[in-house]
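Okay, so here's the structure we're looking at.
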Amino acid sequence: MADLKQLYDAILNGDHKTAVAVTKQALSDGTAPMELITKYMSPAMDEVGRRFECEEYFVPELLLSGRAMKGALELLQPLLVASGAAPAGRVVIGTVKGDLHDIGKNLVASMLEGAGFEVRDLGADVSPERFVTAVREHKPDLVCLSALLTVTMPAMRDVVDALKAAGLRDRVRVLVGGAPVTSEFANEIGADAYAENAGVAVTFARRLTR
Ligand code: B12
């Protein structure tokens, strides 16, 4: 049986090898992927953020923990993805310009795929122009924007404005998220909704594309 506290510690300590090994063991024990994410992996990243804030951790530690988290998440992603069924809707997702954080965005993308959405992931540091081009090309029902930095939140407004300027805003719904984002901010920039985590993102995506 995997000792799941080790998964928390491995992510906190940036130990990629142990994070991957414990995740593999937990999956073969039959532990649910979402339990690993919500009880151990996300809390570890929260603690990493807390340590960074009080200067116990610095950027190299953020990078190592981010890498350990990604390694574990990559094993879970295929299991979050459902099979079969007609797509529930089309989604274009990306982290906005200037922002390199993609772990939460990847989790939202996997959960949406798991819920049957066809997801086009544009990656991180995505310009408003690239969102506009992707909306023209893929004709999504929903555009999902992620931002983890206070300073990149205005780039979400730039995407909404660029969609308006391109005459596309009426054709898509816009869902925003990321730790510093709020529903007030979503309203203020003219997005359709805000969701605080990947599970709620799926609920809203379903609602917005009905
Ligand atoms: C890992 C990490 C990094 C890694 C990112 C690796 C990667 N590939 O993503 C690296 C080292 C690159 C990094 C860099 C920086 N980081 Co950093 N980083 C973090 C950290 C520790 C964890 C983020 C994370 O992955 N969390 C786990 C995921 C699962 O959670 P999440 O991202 O919040 O996503 C969930 C929800 O927010 C939501 N969600 C997310 N996106 C979306 C999108 C939609 C549409 C929806 C609906 C929902 C949704 O659902 C997700 C799942 O439930 C956070 C601290 C924290 N606790 O958030 C700091 C943090 C975000 N970073 C911070 C900072 C300051 C930086 C740097 C500026 C540091 C520096 N001086 O260089 C740089 C900026 C680089 C850049 N230009 O982007 C600050 C931001 C402060 C602020 N409010 O502006 C934080 C909060 C740390 C802190 N406490 O000070 N960072």
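In the structure tokens, chains take the letters A, B, ... in the order shown, each chain's residues start at 1, and ligands count up from 1 in the order shown.
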If DSSP is run on the backbone, what residues of segment 10-117 of chain A are strand (DSSP E)? A reply as a compact mmCIF listing (two decimals) with N, CA, C and O atoms, in the first residue's frame would be ideal.
# COMPACT_ATOMS: atom_id res chain seq x y z
N ARG A 90 -17.35 22.18 -27.32
CA ARG A 90 -15.94 22.43 -27.67
C ARG A 90 -15.38 23.54 -26.82
O ARG A 90 -16.05 24.55 -26.59
N VAL A 91 -14.12 23.33 -26.37
CA VAL A 91 -13.49 24.28 -25.46
C VAL A 91 -12.11 24.68 -25.99
O VAL A 91 -11.36 23.82 -26.43
N VAL A 92 -11.82 25.98 -25.92
CA VAL A 92 -10.44 26.45 -26.13
C VAL A 92 -9.97 26.94 -24.78
O VAL A 92 -10.67 27.72 -24.11
N ILE A 93 -8.79 26.48 -24.33
CA ILE A 93 -8.30 26.86 -23.00
C ILE A 93 -6.85 27.32 -23.09
O ILE A 93 -6.09 26.82 -23.93
N GLY A 94 -6.48 28.26 -22.24
CA GLY A 94 -5.07 28.67 -22.18
C GLY A 94 -4.81 29.54 -20.97
O GLY A 94 -5.74 30.08 -20.37
N THR A 95 -3.53 29.64 -20.60
CA THR A 95 -3.11 30.58 -19.57
C THR A 95 -2.74 31.88 -20.30
O THR A 95 -2.08 31.83 -21.34
Contact check, segment 94-161 of chain A to segment 58-79 of chain A, at most 9 Å, counting only C-alpha atoms, closest pairs as a tab-separated table:
residue	atom	partner	partner_atom	distance
A:Ile103	CA	A:Lys70	CA	6.7
A:Asn106	CA	A:Gln77	CA	8.8
A:Leu107	CA	A:Gln77	CA	7.7
A:Ser110	CA	A:Gln77	CA	6.0
A:Met111	CA	A:Gln77	CA	8.3
A:Gly114	CA	A:Leu79	CA	8.0
Just write the chosen residues, N, CA and C atoms, as a PDB file, in the first residue's frame.
ATOM      1  N   ILE A 103      -0.198  24.341 -14.370  1.00  0.00           N
ATOM      2  CA  ILE A 103      -0.602  23.093 -13.708  1.00  0.00           C
ATOM      3  C   ILE A 103      -2.124  23.069 -13.478  1.00  0.00           C
ATOM      4  N   ASN A 106      -3.952  22.818 -16.751  1.00  0.00           N
ATOM      5  CA  ASN A 106      -3.906  21.441 -17.284  1.00  0.00           C
ATOM      6  C   ASN A 106      -4.933  20.550 -16.586  1.00  0.00           C
ATOM      7  N   LEU A 107      -5.074  20.789 -15.284  1.00  0.00           N
ATOM      8  CA  LEU A 107      -6.036  19.990 -14.517  1.00  0.00           C
ATOM      9  C   LEU A 107      -7.467  20.279 -14.987  1.00  0.00           C
ATOM     10  N   SER A 110      -7.975  18.593 -18.323  1.00  0.00           N
ATOM     11  CA  SER A 110      -8.178  17.137 -18.207  1.00  0.00           C
ATOM     12  C   SER A 110      -9.569  16.807 -17.684  1.00  0.00           C
ATOM     13  N   MET A 111     -10.013  17.600 -16.693  1.00  0.00           N
ATOM     14  CA  MET A 111     -11.346  17.334 -16.122  1.00  0.00           C
ATOM     15  C   MET A 111     -12.440  17.602 -17.164  1.00  0.00           C
ATOM     16  N   GLY A 114     -12.422  14.776 -19.414  1.00  0.00           N
ATOM     17  CA  GLY A 114     -13.050  13.663 -18.699  1.00  0.00           C
ATOM     18  C   GLY A 114     -14.563  13.757 -18.718  1.00  0.00           C
TER      19      GLY A 114
END
Of the candidates A:Pro140, A:Pro33, A:Pro87, A:Gly14, which one gets nearest to Leu168 of chain A if we count only C-alpha atoms?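 Checking each candidate against Leu168 of chain A, we get A:Pro140 as the closest.
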List as JSON lines every residue of segment 143-205 of chain A that is in contact with segment 116-125 of chain A, defined as an atom at most 12 Å from one of its atoms (using only C-alpha atoms), together with the nearest atom pair and the distance in Å rounded to one decimal, sorted by chain and then rising number.
{"residue": "A:Val143", "atom": "CA", "partner": "A:Arg120", "partner_atom": "CA", "distance": 9.6}
{"residue": "A:Cys144", "atom": "CA", "partner": "A:Asp121", "partner_atom": "CA", "distance": 9.5}
{"residue": "A:Leu145", "atom": "CA", "partner": "A:Ala124", "partner_atom": "CA", "distance": 9.9}
{"residue": "A:Ser146", "atom": "CA", "partner": "A:Ala124", "partner_atom": "CA", "distance": 8.7}
{"residue": "A:Ala147", "atom": "CA", "partner": "A:Ala124", "partner_atom": "CA", "distance": 9.4}
{"residue": "A:Leu148", "atom": "CA", "partner": "A:Ala124", "partner_atom": "CA", "distance": 10.9}
{"residue": "A:Leu149", "atom": "CA", "partner": "A:Asp125", "partner_atom": "CA", "distance": 11.7}
{"residue": "A:Thr152", "atom": "CA", "partner": "A:Asp125", "partner_atom": "CA", "distance": 9.6}
{"residue": "A:Ala155", "atom": "CA", "partner": "A:Asp125", "partner_atom": "CA", "distance": 9.9}
{"residue": "A:Met156", "atom": "CA", "partner": "A:Asp125", "partner_atom": "CA", "distance": 11.4}
{"residue": "A:Ala201", "atom": "CA", "partner": "A:Phe117", "partner_atom": "CA", "distance": 11.8}
{"residue": "A:Val202", "atom": "CA", "partner": "A:Phe117", "partner_atom": "CA", "distance": 9.3}
{"residue": "A:Thr203", "atom": "CA", "partner": "A:Phe117", "partner_atom": "CA", "distance": 11.9}
{"residue": "A:Ala205", "atom": "CA", "partner": "A:Phe117", "partner_atom": "CA", "distance": 8.9}
Give me the residues within 9 Å of Thr209 of chain A as a VMD selection string, counting only C-alpha atoms and dropping any in the same chain fewer than 3 places off. chain A and resid 88 to 90 141 to 142 173 204 to 206
Have a look at A:Val81, A:Ala21, A:Leu4, A:Leu175 and name the one nearest to Ala44 of chain A; count only C-alpha atoms.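 Between A:Val81, A:Ala21, A:Leu4, A:Leu175, the residue approaching Ala44 of chain A most closely is A:Leu4.
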As number ranges by chain, which residues of chain A does DSSP assign to helix (DSSP H, G or I)? A: 5-12, 16-29, 33-53, 59-80, 103-114, 128-138, 150-152, 154-165, 169-171, 183-189, 198-208
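Here the question is which of A:Lys139, A:Arg157, A:Lys97, A:Arg130 gets nearest to ligand 1 using only C-alpha atoms and all ligand atoms, and that residue is A:Lys97.
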Nearest residue to Asp9 of chain A from the set A:Ser183, A:Glu129, A:Tyr40, A:Gly177 (distances using only C-alpha atoms):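 Of all the options, A:Tyr40 lies closest to Asp9 of chain A.
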